[in-house]
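Working notes, beginning with the structure itself.
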Amino acid sequence: MLLELKNITKEFPVKTGIAGTTGRVVRAVDRVSLGVEEGESLSLVGESGCGKTTLARIVMQLIRGYEGQVIYDSKPVDKNNIASYRKNVQMVFQDPYSSLDPRYTIRRVIGEGMELDRLRFKTQQERELRIQQMLKSVHLSHDMLNRYPHEFSGGERQRIAIARALVLNPKVLILDEAVSSLDVLVQEEILKLLARLQKQMNLTYIFISHNLKVVKRISERVAVMYKGRIVELARTEDIFNNPQHQYTKDLLMAALNYKSVVREDQIKINDNAKLFEYADGHYVLG
């Protein structure tokens, strides 16, 4: 496995009033274990508030104070290797309108990441060449470099965000709802771009989304998340054609058939439940 999560748990305090806390906590991520192979596309799906983005930010080490381990290339991520880890694991955020600093030119937006690897990009000429290469890779022209983010459309901004994320040639790219704010035609263009870049750069994708139609197209495996837990994990075709967990069935019904599910009771998950395996690597929370 290129990237592994082992028993990741993250709790947040429940606040009340202006500054107080109740002493209670909410468990946003609950004992999640997951592995991603090099070159694979894994999607993480589930309803809003299920813990997808929190888990992604833990993988990126943007959230600390969690239990469990993030392991990259067989080595636990810690303070001794965090700098090299961040060169290899990058993220593209949901909103291209807020993820780019409006005060920076596109040249500075893309080039900022190269500060993490001064040994590789020693001269301004080397940095400029790399910036132009990345713009070309996402089908944008180098004459855009002196312009500012507000001068671009949402699709162009997301291409710039992808170029920024790839400037250090990372191995893993986390895409957190990276096409959800774009219209359908632009989504199609970005998905084709991501597929091409994955082949060219041997990228590993963790694709976080609630859009199951997009997930079905881009993923090799799908992990279904509910109330902070992974309740089902399988190949994409197995998830869509033969879902095993009740929550997965409800999610597919709502997302693909536009039929709401009325439950008398919430789906309950046993605290001691563990993922058990069906044939062909299909895992379901028991």
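Chain labels A, B, ... are given in the sequence in which chains occur in the structure tokens; within each chain residues are numbered consecutively from 1, and ligands are likewise numbered from 1 in the order shown.
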Expected answer as a compact mmCIF listing (two decimals) with N, CA, C and O atoms, in the first residue's frame: strand (DSSP E or B) residues in region 35-270 of chain A:
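So the final result, stored in part_39.txt, reads:
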```
# COMPACT_ATOMS: atom_id res chain seq x y z
N GLY A 35 -6.70 1.59 3.00
CA GLY A 35 -5.45 1.57 2.27
C GLY A 35 -5.66 1.90 0.82
O GLY A 35 -6.70 1.58 0.23
N VAL A 36 -4.68 2.58 0.22
CA VAL A 36 -4.76 2.98 -1.19
C VAL A 36 -3.48 2.53 -1.89
O VAL A 36 -2.38 2.83 -1.44
N SER A 41 -7.47 4.84 -7.99
CA SER A 41 -8.45 5.89 -7.72
C SER A 41 -9.46 5.34 -6.73
O SER A 41 -10.23 4.43 -7.06
N LEU A 42 -9.45 5.88 -5.53
CA LEU A 42 -10.38 5.46 -4.48
C LEU A 42 -11.30 6.62 -4.15
O LEU A 42 -10.83 7.74 -3.90
N SER A 43 -12.60 6.37 -4.17
CA SER A 43 -13.55 7.42 -3.80
C SER A 43 -14.10 7.17 -2.41
O SER A 43 -14.36 6.03 -2.02
N LEU A 44 -14.30 8.26 -1.70
CA LEU A 44 -14.90 8.24 -0.37
C LEU A 44 -16.23 8.98 -0.46
O LEU A 44 -16.26 10.17 -0.79
N VAL A 45 -17.33 8.27 -0.21
CA VAL A 45 -18.66 8.85 -0.39
C VAL A 45 -19.46 8.75 0.90
O VAL A 45 -19.17 7.95 1.78
N GLU A 67 -6.33 10.11 16.98
CA GLU A 67 -5.78 8.81 17.35
C GLU A 67 -5.56 7.98 16.09
O GLU A 67 -6.26 8.15 15.10
N GLY A 68 -4.62 7.06 16.13
CA GLY A 68 -4.33 6.21 14.99
C GLY A 68 -3.11 6.67 14.24
O GLY A 68 -2.39 7.58 14.67
N GLN A 69 -2.86 6.05 13.10
CA GLN A 69 -1.67 6.34 12.31
C GLN A 69 -1.99 6.58 10.85
O GLN A 69 -2.85 5.91 10.27
N VAL A 70 -1.27 7.55 10.27
CA VAL A 70 -1.22 7.73 8.82
C VAL A 70 0.13 7.21 8.38
O VAL A 70 1.17 7.66 8.87
N ILE A 71 0.12 6.25 7.46
CA ILE A 71 1.36 5.60 7.03
C ILE A 71 1.53 5.83 5.54
O ILE A 71 0.64 5.52 4.74
N TYR A 72 2.69 6.38 5.16
CA TYR A 72 2.99 6.62 3.76
C TYR A 72 4.25 5.85 3.37
O TYR A 72 5.28 5.98 4.03
N LYS A 75 5.97 4.00 6.12
CA LYS A 75 6.53 4.75 7.25
C LYS A 75 5.46 5.63 7.88
O LYS A 75 4.79 6.38 7.18
N PRO A 76 5.27 5.53 9.22
CA PRO A 76 4.30 6.41 9.89
C PRO A 76 4.68 7.87 9.70
O PRO A 76 5.86 8.24 9.78
N VAL A 89 2.00 14.29 -0.97
CA VAL A 89 0.55 14.22 -0.80
C VAL A 89 -0.01 15.64 -0.85
O VAL A 89 0.28 16.45 0.03
N GLN A 90 -0.79 15.94 -1.87
CA GLN A 90 -1.34 17.27 -2.06
C GLN A 90 -2.85 17.20 -2.18
O GLN A 90 -3.43 16.13 -2.37
N MET A 91 -3.50 18.37 -2.08
CA MET A 91 -4.95 18.41 -2.04
C MET A 91 -5.49 19.51 -2.95
O MET A 91 -4.92 20.59 -3.06
N VAL A 92 -6.60 19.21 -3.62
CA VAL A 92 -7.36 20.20 -4.39
C VAL A 92 -8.69 20.39 -3.68
O VAL A 92 -9.44 19.42 -3.48
N VAL A 172 0.31 11.36 -4.43
CA VAL A 172 -1.10 11.24 -4.04
C VAL A 172 -1.77 12.60 -4.16
O VAL A 172 -1.24 13.61 -3.71
N LEU A 173 -2.95 12.61 -4.78
CA LEU A 173 -3.74 13.83 -4.89
C LEU A 173 -5.11 13.58 -4.27
O LEU A 173 -5.82 12.66 -4.67
N ILE A 174 -5.45 14.38 -3.26
CA ILE A 174 -6.75 14.30 -2.61
C ILE A 174 -7.64 15.36 -3.23
O ILE A 174 -7.30 16.54 -3.25
N LEU A 175 -8.78 14.94 -3.75
CA LEU A 175 -9.70 15.85 -4.44
C LEU A 175 -10.98 15.91 -3.62
O LEU A 175 -11.79 15.00 -3.64
N ASP A 176 -11.13 17.00 -2.87
CA ASP A 176 -12.27 17.15 -1.97
C ASP A 176 -13.39 17.91 -2.67
O ASP A 176 -13.38 19.13 -2.73
N THR A 204 -1.99 8.77 -7.70
CA THR A 204 -2.96 8.06 -6.88
C THR A 204 -4.00 9.08 -6.42
O THR A 204 -3.65 10.11 -5.87
N TYR A 205 -5.29 8.79 -6.67
CA TYR A 205 -6.35 9.72 -6.32
C TYR A 205 -7.17 9.22 -5.14
O TYR A 205 -7.56 8.04 -5.09
N ILE A 206 -7.45 10.12 -4.21
CA ILE A 206 -8.51 9.92 -3.22
C ILE A 206 -9.56 10.97 -3.52
O ILE A 206 -9.33 12.17 -3.35
N PHE A 207 -10.69 10.52 -4.04
CA PHE A 207 -11.71 11.42 -4.56
C PHE A 207 -12.89 11.44 -3.59
O PHE A 207 -13.55 10.42 -3.37
N ILE A 208 -13.12 12.60 -2.99
CA ILE A 208 -14.18 12.74 -1.99
C ILE A 208 -15.36 13.45 -2.65
O ILE A 208 -15.22 14.53 -3.21
N SER A 209 -16.53 12.80 -2.59
CA SER A 209 -17.67 13.38 -3.31
C SER A 209 -18.98 12.80 -2.79
O SER A 209 -19.02 11.72 -2.22
N ARG A 221 -12.24 1.79 -6.76
CA ARG A 221 -12.88 1.28 -5.54
C ARG A 221 -13.62 2.43 -4.86
O ARG A 221 -13.27 3.60 -5.04
N VAL A 222 -14.62 2.07 -4.07
CA VAL A 222 -15.43 3.06 -3.35
C VAL A 222 -15.51 2.65 -1.88
O VAL A 222 -15.79 1.49 -1.57
N ALA A 223 -15.29 3.61 -1.00
CA ALA A 223 -15.51 3.43 0.43
C ALA A 223 -16.70 4.28 0.83
O ALA A 223 -16.74 5.48 0.56
N VAL A 224 -17.68 3.65 1.46
CA VAL A 224 -18.90 4.34 1.87
C VAL A 224 -18.79 4.69 3.35
O VAL A 224 -18.54 3.80 4.19
N MET A 225 -18.99 5.96 3.68
CA MET A 225 -18.81 6.44 5.05
C MET A 225 -20.14 6.88 5.64
O MET A 225 -20.93 7.55 4.99
N TYR A 226 -20.38 6.47 6.88
CA TYR A 226 -21.63 6.81 7.57
C TYR A 226 -21.33 6.99 9.05
O TYR A 226 -20.75 6.13 9.70
N ARG A 229 -17.81 6.22 10.21
CA ARG A 229 -17.28 4.87 9.99
C ARG A 229 -17.31 4.50 8.51
O ARG A 229 -18.17 4.97 7.77
N ILE A 230 -16.39 3.65 8.10
CA ILE A 230 -16.46 3.03 6.79
C ILE A 230 -17.38 1.82 6.93
O ILE A 230 -17.06 0.86 7.63
N VAL A 231 -18.55 1.87 6.26
CA VAL A 231 -19.51 0.78 6.40
C VAL A 231 -19.44 -0.21 5.25
O VAL A 231 -19.94 -1.34 5.36
N GLU A 232 -18.84 0.23 4.13
CA GLU A 232 -18.71 -0.70 3.00
C GLU A 232 -17.55 -0.24 2.12
O GLU A 232 -17.34 0.96 1.92
N LEU A 233 -16.79 -1.19 1.62
CA LEU A 233 -15.63 -0.91 0.78
C LEU A 233 -15.51 -2.02 -0.26
O LEU A 233 -15.42 -3.20 0.08
N ALA A 234 -15.53 -1.64 -1.54
CA ALA A 234 -15.49 -2.64 -2.60
C ALA A 234 -15.14 -1.99 -3.93
O ALA A 234 -15.05 -0.75 -4.03
N ARG A 235 -14.98 -2.83 -4.94
CA ARG A 235 -14.80 -2.30 -6.29
C ARG A 235 -16.04 -1.52 -6.70
O ARG A 235 -17.15 -1.83 -6.27
```
Region 37-95 of chain A residues near region 105-119 of chain A within 9 Å, closest pair each, using only C-alpha atoms, as JSON lines:
```
{"residue": "A:Ala83", "atom": "CA", "partner": "A:Leu116", "partner_atom": "CA", "distance": 7.5}
{"residue": "A:Ser84", "atom": "CA", "partner": "A:Leu116", "partner_atom": "CA", "distance": 8.6}
{"residue": "A:Arg86", "atom": "CA", "partner": "A:Leu116", "partner_atom": "CA", "distance": 8.6}
{"residue": "A:Lys87", "atom": "CA", "partner": "A:Leu116", "partner_atom": "CA", "distance": 7.2}
```
Could those residues be written to a file, using all heavy atoms, as a PDB file, in the first residue's frame?
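Ended up saving to out.pdb:
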```pdb
ATOM      1  N   ALA A  83       7.719  17.070   6.280  1.00  0.00           N
ATOM      2  CA  ALA A  83       8.046  17.930   5.138  1.00  0.00           C
ATOM      3  C   ALA A  83       8.078  17.124   3.838  1.00  0.00           C
ATOM      4  O   ALA A  83       7.493  17.531   2.828  1.00  0.00           O
ATOM      5  CB  ALA A  83       9.380  18.619   5.367  1.00  0.00           C
ATOM      6  N   SER A  84       8.752  15.981   3.854  1.00  0.00           N
ATOM      7  CA  SER A  84       8.808  15.147   2.650  1.00  0.00           C
ATOM      8  C   SER A  84       7.434  14.562   2.331  1.00  0.00           C
ATOM      9  O   SER A  84       7.077  14.385   1.156  1.00  0.00           O
ATOM     10  CB  SER A  84       9.837  14.029   2.820  1.00  0.00           C
ATOM     11  OG  SER A  84       9.490  13.179   3.897  1.00  0.00           O
ATOM     12  N   ARG A  86       4.518  15.992   2.789  1.00  0.00           N
ATOM     13  CA  ARG A  86       3.678  17.010   2.159  1.00  0.00           C
ATOM     14  C   ARG A  86       4.083  17.282   0.710  1.00  0.00           C
ATOM     15  O   ARG A  86       3.284  17.790  -0.064  1.00  0.00           O
ATOM     16  CB  ARG A  86       3.718  18.293   2.988  1.00  0.00           C
ATOM     17  CG  ARG A  86       2.813  18.189   4.213  1.00  0.00           C
ATOM     18  CD  ARG A  86       2.736  19.459   4.991  1.00  0.00           C
ATOM     19  NE  ARG A  86       1.664  19.402   5.972  1.00  0.00           N
ATOM     20  CZ  ARG A  86       1.680  20.021   7.134  1.00  0.00           C
ATOM     21  NH1 ARG A  86       2.739  20.746   7.475  1.00  0.00           N
ATOM     22  NH2 ARG A  86       0.666  19.941   7.962  1.00  0.00           N
ATOM     23  N   LYS A  87       5.305  16.954   0.342  1.00  0.00           N
ATOM     24  CA  LYS A  87       5.681  17.049  -1.067  1.00  0.00           C
ATOM     25  C   LYS A  87       4.975  15.977  -1.892  1.00  0.00           C
ATOM     26  O   LYS A  87       4.709  16.168  -3.075  1.00  0.00           O
ATOM     27  CB  LYS A  87       7.194  16.877  -1.221  1.00  0.00           C
ATOM     28  CG  LYS A  87       8.031  17.978  -0.604  1.00  0.00           C
ATOM     29  CD  LYS A  87       9.506  17.647  -0.764  1.00  0.00           C
ATOM     30  CE  LYS A  87      10.375  18.617   0.023  1.00  0.00           C
ATOM     31  NZ  LYS A  87      11.806  18.249  -0.075  1.00  0.00           N
TER      32      LYS A  87
END
```
Who sits within 8 Å of His245 (chain A), only C-alpha atoms, same chain under 2 positions skipped, as an mmCIF file with C-alpha atoms, in the first residue's frame:
```cif
data_model
loop_
_atom_site.group_PDB
_atom_site.id
_atom_site.type_symbol
_atom_site.label_atom_id
_atom_site.label_comp_id
_atom_site.auth_asym_id
_atom_site.auth_seq_id
_atom_site.Cartn_x
_atom_site.Cartn_y
_atom_site.Cartn_z
ATOM 1 C CA VAL A 231 -19.512 0.781 6.404
ATOM 2 C CA GLU A 232 -18.708 -0.696 3.000
ATOM 3 C CA PRO A 243 -24.458 -3.067 -2.446
ATOM 4 C CA TYR A 247 -26.907 2.668 4.134
ATOM 5 C CA THR A 248 -25.206 2.083 0.768
ATOM 6 C CA LYS A 249 -28.513 0.918 -0.690
ATOM 7 C CA VAL A 284 -18.983 -4.582 4.827
ATOM 8 C CA LEU A 285 -19.299 -3.372 8.407
#
```
task = Excluding region 178-192 of chain A and any residue of its chain fewer than 2 positions from it, enumerate the residues within 7 Å of it, using only C-alpha atoms, and give them as an NGL selection string.
result = :A and (92-95 or 154-155 or 175-176 or 194-196)
Just the selected residues (N, CA, C and O atoms), exported as a CSV table (one decimal), in the first residue's frame, please.
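part-v4.csv was written with the following content:
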```csv
chain,number,residue,atom,x,y,z
A,92,VAL,N,-6.6,19.2,-3.6
A,92,VAL,CA,-7.4,20.2,-4.4
A,92,VAL,C,-8.7,20.4,-3.7
A,92,VAL,O,-9.4,19.4,-3.5
A,93,PHE,N,-9.0,21.6,-3.3
A,93,PHE,CA,-10.1,21.9,-2.5
A,93,PHE,C,-11.4,22.1,-3.3
A,93,PHE,O,-11.3,22.3,-4.5
A,94,GLN,N,-12.5,22.2,-2.6
A,94,GLN,CA,-13.8,22.2,-3.3
A,94,GLN,C,-14.0,23.5,-4.1
A,94,GLN,O,-14.4,23.5,-5.3
A,95,ASP,N,-13.8,24.6,-3.5
A,95,ASP,CA,-14.2,25.9,-4.0
A,95,ASP,C,-13.1,26.6,-4.7
A,95,ASP,O,-12.2,27.1,-4.0
A,154,GLY,N,-14.6,29.6,-13.1
A,154,GLY,CA,-14.5,28.6,-12.0
A,154,GLY,C,-13.7,27.4,-12.5
A,154,GLY,O,-12.8,26.9,-11.8
A,155,GLY,N,-13.9,27.0,-13.8
A,155,GLY,CA,-13.2,25.9,-14.4
A,155,GLY,C,-11.7,26.2,-14.5
A,155,GLY,O,-10.9,25.3,-14.2
A,175,LEU,N,-8.8,14.9,-3.8
A,175,LEU,CA,-9.7,15.8,-4.4
A,175,LEU,C,-11.0,15.9,-3.6
A,175,LEU,O,-11.8,15.0,-3.6
A,176,ASP,N,-11.1,17.0,-2.9
A,176,ASP,CA,-12.3,17.2,-2.0
A,176,ASP,C,-13.4,17.9,-2.7
A,176,ASP,O,-13.4,19.1,-2.7
A,194,LEU,N,-8.2,15.1,-15.3
A,194,LEU,CA,-7.7,14.3,-14.2
A,194,LEU,C,-7.3,12.9,-14.6
A,194,LEU,O,-6.3,12.3,-14.2
A,195,ALA,N,-8.1,12.3,-15.5
A,195,ALA,CA,-7.8,11.0,-16.0
A,195,ALA,C,-6.5,11.0,-16.8
A,195,ALA,O,-5.7,10.1,-16.7
A,196,ARG,N,-6.3,12.0,-17.6
A,196,ARG,CA,-5.1,12.1,-18.4
A,196,ARG,C,-3.9,12.3,-17.5
A,196,ARG,O,-2.8,11.7,-17.7
```
